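As provided, entry04.txt (compact mmCIF, C-alpha atoms) reads as follows.
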# COMPACT_ATOMS: atom_id res chain seq x y z
CA MET A 1048 124.70 114.31 -78.11
CA ALA A 1049 126.55 112.52 -75.33
CA ARG A 1050 124.27 111.24 -72.63
CA LYS A 1051 124.46 113.41 -69.53
CA SER A 1052 124.05 111.77 -66.14
CA SER A 1053 121.70 113.27 -63.59
CA ALA A 1054 124.68 113.59 -61.24
CA ASP A 1055 126.59 115.69 -63.79
CA LEU A 1056 123.56 117.89 -64.40
CA ASP A 1057 123.04 118.41 -60.68
CA GLN A 1058 126.71 119.34 -60.28
CA VAL A 1059 126.52 121.87 -63.10
CA PHE A 1060 123.37 123.42 -61.67
CA GLY A 1061 124.95 123.53 -58.22
CA ILE A 1062 127.95 125.43 -59.59
CA LEU A 1063 125.79 127.82 -61.61
CA GLU A 1064 123.62 128.47 -58.57
CA THR A 1065 126.65 129.65 -56.59
CA LEU A 1066 127.73 131.89 -59.47
CA TYR A 1067 124.34 133.38 -60.33
CA GLU A 1068 122.19 133.46 -57.22
CA SER A 1069 119.10 135.03 -58.75
CA PRO A 1070 118.62 133.86 -62.36
CA LYS A 1071 115.80 136.26 -63.14
CA THR A 1072 115.34 138.39 -66.20
CA GLU A 1073 117.15 141.72 -66.05
CA LEU A 1074 114.20 143.44 -67.70
CA VAL A 1075 112.43 145.89 -65.39
CA TYR A 1076 108.65 145.50 -65.35
CA GLU A 1077 105.51 145.63 -63.25
CA GLY A 1078 103.06 142.86 -64.03
CA PRO A 1079 102.59 140.44 -66.94
CA PHE A 1080 101.63 143.08 -69.53
CA GLN A 1081 104.77 145.14 -69.05
CA LEU A 1082 106.90 142.00 -69.12
CA LEU A 1083 105.28 140.81 -72.34
CA ILE A 1084 105.91 144.16 -74.03
CA ALA A 1085 109.48 144.35 -72.72
CA VAL A 1086 110.31 140.87 -74.01
CA ILE A 1087 108.96 141.72 -77.46
CA LEU A 1088 111.15 144.83 -77.47
CA SER A 1089 114.21 142.84 -76.36
CA ALA A 1090 114.49 140.96 -79.67
CA GLN A 1091 117.87 141.92 -81.18
CA CYS A 1092 118.26 144.48 -78.41
CA THR A 1093 119.93 144.57 -74.99
CA ASP A 1094 117.96 144.48 -71.76
CA ILE A 1095 119.72 147.69 -70.73
CA ARG A 1096 118.37 149.52 -73.79
CA VAL A 1097 114.88 148.13 -73.26
CA ASN A 1098 114.93 149.27 -69.63
CA GLN A 1099 115.87 152.76 -70.80
CA THR A 1100 112.95 152.75 -73.25
CA THR A 1101 110.02 151.25 -71.37
CA PRO A 1102 109.47 153.91 -68.66
CA ALA A 1103 108.36 156.52 -71.20
CA LEU A 1104 106.43 153.92 -73.20
CA PHE A 1105 104.47 152.68 -70.18
CA ALA A 1106 103.92 156.20 -68.87
CA LYS A 1107 102.02 157.02 -72.06
CA PHE A 1108 100.50 153.59 -72.72
CA PRO A 1109 100.17 151.84 -69.34
CA THR A 1110 97.51 149.30 -70.33
CA PRO A 1111 96.65 147.06 -73.28
CA GLU A 1112 93.58 149.18 -73.87
CA ARG A 1113 95.64 152.35 -74.26
CA MET A 1114 98.36 150.72 -76.35
CA ALA A 1115 95.81 149.06 -78.64
CA LYS A 1116 94.55 152.52 -79.63
CA ALA A 1117 97.97 154.06 -80.09
CA LYS A 1118 99.14 155.44 -83.41
CA GLN A 1119 101.99 153.45 -84.88
CA SER A 1120 104.07 156.62 -85.27
CA GLU A 1121 103.73 157.37 -81.55
CA ILE A 1122 105.02 153.93 -80.59
CA GLU A 1123 107.81 154.13 -83.16
CA THR A 1124 109.06 157.39 -81.69
CA LEU A 1125 109.16 155.96 -78.17
CA ILE A 1126 110.88 152.67 -79.07
CA HIS A 1127 113.12 153.90 -81.90
CA SER A 1128 116.35 153.14 -80.03
CA CYS A 1129 115.42 149.45 -79.62
CA GLY A 1130 115.90 148.68 -83.32
CA PHE A 1131 113.43 147.20 -85.79
CA TYR A 1132 111.09 149.82 -84.37
CA ARG A 1133 108.50 149.73 -87.18
CA MET A 1134 108.02 145.97 -86.92
CA LYS A 1135 108.02 146.11 -83.13
CA ALA A 1136 105.54 148.98 -83.03
CA ILE A 1137 103.11 146.97 -85.13
CA ALA A 1138 103.60 143.96 -82.89
CA LEU A 1139 102.98 145.96 -79.71
CA ILE A 1140 99.75 147.43 -81.04
CA GLU A 1141 98.46 144.16 -82.49
CA THR A 1142 99.39 142.19 -79.38
CA SER A 1143 97.58 144.73 -77.22
CA ARG A 1144 94.51 144.50 -79.45
CA ASP A 1145 94.58 140.72 -79.13
CA LEU A 1146 94.73 141.01 -75.35
CA VAL A 1147 91.76 143.37 -75.29
CA GLU A 1148 89.62 141.48 -77.79
CA LYS A 1149 90.40 137.92 -76.69
CA TYR A 1150 91.23 138.17 -73.00
CA GLY A 1151 89.62 141.31 -71.64
CA GLY A 1152 92.96 143.09 -71.38
CA GLN A 1153 94.61 140.35 -69.31
CA VAL A 1154 97.73 138.43 -70.29
CA PRO A 1155 96.82 134.72 -70.56
CA GLY A 1156 98.79 132.13 -68.63
CA THR A 1157 99.21 129.23 -71.04
CA MET A 1158 101.65 128.58 -73.85
CA GLU A 1159 98.86 127.94 -76.35
CA GLU A 1160 97.14 131.23 -75.61
CA LEU A 1161 100.33 133.28 -75.54
CA VAL A 1162 101.68 132.03 -78.87
CA GLY A 1163 98.28 132.88 -80.36
CA LEU A 1164 99.00 136.56 -79.76
CA THR A 1165 100.41 138.58 -82.64
CA GLY A 1166 104.20 138.77 -82.47
CA VAL A 1167 104.59 136.24 -79.66
CA GLY A 1168 106.65 133.09 -80.22
CA ARG A 1169 107.58 130.29 -77.88
CA LYS A 1170 110.63 132.11 -76.49
CA THR A 1171 108.63 135.19 -75.52
CA ALA A 1172 105.80 133.05 -74.17
CA SER A 1173 108.22 130.97 -72.10
CA VAL A 1174 109.74 134.06 -70.47
CA VAL A 1175 106.30 135.36 -69.55
CA LEU A 1176 105.16 132.00 -68.17
CA ASN A 1177 108.38 131.60 -66.23
CA GLN A 1178 108.79 135.09 -64.82
CA ALA A 1179 105.25 136.43 -64.54
CA PHE A 1180 103.34 133.27 -63.65
CA GLU A 1181 106.09 131.07 -62.15
CA ILE A 1182 105.21 128.25 -64.55
CA PRO A 1183 108.20 126.07 -65.54
CA ALA A 1184 109.20 126.88 -69.12
CA ILE A 1185 112.41 127.00 -71.15
CA ALA A 1186 113.09 130.06 -73.30
CA VAL A 1187 115.83 129.53 -75.88
CA ASP A 1188 117.59 132.74 -76.87
CA THR A 1189 121.02 133.05 -78.49
CA HIS A 1190 122.85 132.55 -75.18
CA VAL A 1191 120.85 129.49 -74.17
CA LYS A 1192 121.34 128.04 -77.64
CA ARG A 1193 125.10 128.62 -77.69
CA VAL A 1194 125.85 127.42 -74.15
CA SER A 1195 123.58 124.38 -74.28
CA ARG A 1196 125.15 123.26 -77.58
CA ARG A 1197 128.68 123.75 -76.27
CA LEU A 1198 127.87 121.81 -73.11
CA GLY A 1199 126.44 119.00 -75.21
CA TRP A 1200 122.95 119.42 -73.79
CA ALA A 1201 121.52 120.13 -77.25
CA THR A 1202 122.47 119.39 -80.85
CA LYS A 1203 119.82 121.14 -82.93
CA GLU A 1204 119.99 124.55 -84.59
CA ASP A 1205 116.33 125.51 -84.33
CA PRO A 1206 115.49 127.17 -80.97
CA VAL A 1207 112.19 125.31 -80.64
CA ALA A 1208 113.93 121.98 -81.27
CA ILE A 1209 116.53 122.91 -78.64
CA GLU A 1210 113.76 123.77 -76.20
CA PHE A 1211 112.38 120.26 -76.51
CA GLU A 1212 115.84 118.70 -76.24
CA LEU A 1213 116.33 120.55 -72.96
CA ARG A 1214 112.85 119.63 -71.75
CA LYS A 1215 113.69 115.98 -72.34
CA LEU A 1216 117.15 116.21 -70.75
CA LEU A 1217 116.42 118.32 -67.68
CA PRO A 1218 114.03 117.60 -64.82
CA GLU A 1219 111.14 120.06 -64.68
CA SER A 1220 112.55 121.45 -61.43
CA HIS A 1221 115.41 122.94 -63.49
CA TRP A 1222 113.32 124.47 -66.26
CA SER A 1223 112.70 127.76 -64.48
CA GLN A 1224 116.39 128.19 -63.66
CA VAL A 1225 118.11 127.11 -66.85
CA ASN A 1226 117.24 130.27 -68.79
CA GLY A 1227 118.80 132.65 -66.30
CA TYR A 1228 121.84 130.50 -65.60
CA LEU A 1229 122.76 129.97 -69.25
CA ILE A 1230 122.01 133.57 -70.23
CA PHE A 1231 124.20 134.96 -67.45
CA HIS A 1232 126.94 132.41 -68.17
CA GLY A 1233 126.78 133.16 -71.89
CA ARG A 1234 127.07 136.88 -71.34
CA ARG A 1235 129.90 136.72 -68.82
CA ILE A 1236 131.95 133.61 -69.58
CA CYS A 1237 130.77 131.49 -72.53
CA LYS A 1238 130.88 134.36 -75.00
CA ALA A 1239 130.12 133.88 -78.67
CA ARG A 1240 133.42 134.87 -80.27
CA LYS A 1241 135.91 134.24 -77.50
CA PRO A 1242 134.67 132.08 -74.63
CA LEU A 1243 136.66 132.47 -71.41
CA CYS A 1244 137.13 128.72 -70.99
CA GLU A 1245 139.99 128.90 -68.50
CA SER A 1246 137.80 131.01 -66.22
CA CYS A 1247 134.78 128.71 -66.64
CA GLU A 1248 133.89 126.72 -63.55
CA ILE A 1249 131.85 124.17 -65.51
CA ARG A 1250 134.41 123.53 -68.25
CA THR A 1251 135.04 119.94 -67.10
CA PHE A 1252 131.40 119.20 -67.99
CA CYS A 1253 131.57 120.93 -71.38
CA ASN A 1254 131.72 118.81 -74.53
CA ASP A 1255 133.17 121.64 -76.59
CA TYR A 1256 136.01 122.34 -74.13
CA LEU A 1257 136.84 118.67 -73.60
CA SER A 1258 136.84 117.92 -77.34
CA ARG A 1259 139.41 120.65 -77.95
CA ARG A 1260 141.70 119.21 -75.28
CA ASP A 1261 141.66 115.66 -76.70

Please express the file's structure as structure tokens.
Amino acid sequence: MARKSSADLDQVFGILETLYESPKTELVYEGPFQLLIAVILSAQCTDIRVNQTTPALFAKFPTPERMAKAKQSEIETLIHSCGFYRMKAIALIETSRDLVEKYGGQVPGTMEELVGLTGVGRKTASVVLNQAFEIPAIAVDTHVKRVSRRLGWATKEDPVAIEFELRKLLPESHWSQVNGYLIFHGRRICKARKPLCESCEIRTFCNDYLSRRD
């Protein structure tokens, strides 16, 4: 990985800030519990689909206590359109039970506690810390992985390894922004199959783009 200067990083973040003014999750939620459930549902699913699904889910199971007692078949019916609905239904119920039994129905606010919940990995935990508790954290999804590797900010394949590469590279003041910026940029410009490089305003800082021009 080529060493990135702090000046280059600041320039990239300045450009991304003008492009994507509010780098917040596009999931619709009220409070940490709803966010946690929505992020679990968002695995291999679009935020749009999750937002179409959660109103009915939360209307019937608004709290961890209620969801912990739900029948798996009830949850499956409500979240069927999100994909992997059997696995996700189990995760939602077990996570809710963990919240009730370990934390009195409250979503904990540390990485260690969150990843101890059934079905919660570092990516999900990072989103919750970042968005619900305003704690700096880096969540590496497919967009963050792809864009950070193309930029030359990361070299690893494993999302957790990439998280720690980014934590080492970026000042903590950027951790809360990098998720939203790279997700939005990945969806709109730096697409997986056909990136729109000529429309990309940070292409002169991108290792992948520059290497193809050499």

Polymer residues at most 10 Å from His1221 in chain A, all atoms listed in the file, same-chain spacing of 5 or more positions, as a compact mmCIF listing (two decimals) with C-alpha atoms, keeping the file's coordinate frame:
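Saved to out06.txt:
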# COMPACT_ATOMS: atom_id res chain seq x y z
CA LEU A 1056 123.56 117.89 -64.40
CA ASP A 1057 123.04 118.41 -60.68
CA PHE A 1060 123.37 123.42 -61.67
CA PRO A 1183 108.20 126.07 -65.54
CA ALA A 1184 109.20 126.88 -69.12
CA ILE A 1185 112.41 127.00 -71.15
CA LEU A 1213 116.33 120.55 -72.96
CA ARG A 1214 112.85 119.63 -71.75
CA ASN A 1226 117.24 130.27 -68.79

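Taking CA of Pro1079 in chain A as the reference point, CA of Lys1116 in chain A is found at 19.3 Å.
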
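A search radius of 8 Å centred on (104.7, 145.6, -76.8), applied to all atoms listed in the file, returns the residues Gln1081, Leu1083, Ile1084, Ala1085, Val1086, Ile1087, Leu1088, Lys1135, Ala1136, Ala1138, Leu1139, Ile1140, Thr1142 and Ser1143 of chain A.
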
Query raised in the report: If we count all atoms listed in the file, what is near Asn1098 in chain A at a cut-off of 8 Å, once residues fewer than 4 positions away on the same chain are taken out, given as a ChimeraX atom specification?
Result: /A:1074-1075,1085,1094,1102

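For the residues A:Trp1222, A:Glu1212, A:His1190, A:Tyr1150, ranking by smallest atom-to-atom distance to Arg1240 in chain A using only C-alpha atoms places A:His1190 first.
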
Let me have the centre and edge lengths of the axis-aligned box enclosing all listed atoms of range 1123-1141 of chain A with 3 Å padding on every side, in Å to one decimal, as JSON.
{"center_x": 107.4, "center_y": 150.7, "center_z": -82.7, "size_x": 23.9, "size_y": 19.4, "size_z": 15.0}

Requested in this report: Show which residues sit within 12 Å of range 1230-1233 of chain A, as a PyMOL selection string. Count only C-alpha atoms, and ignore same-chain residues fewer than 5 positions away.
Outcome: chain A and resi 1059-1060+1062-1073+1094+1185-1198+1224-1225+1238-1244+1246-1250

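In this structure, CA of Asn1177 in chain A sits 12.4 Å away from CA of Leu1161 in chain A.
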
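In this structure, CA of Ile1182 in chain A sits 13.7 Å away from CA of Lys1170 in chain A.
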
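Each of A:Asn1254, A:Gln1091, A:Ala1172, A:Arg1234 was checked against Phe1131 in chain A using all atoms listed in the file; the smallest atom-to-atom distance is that of A:Gln1091.
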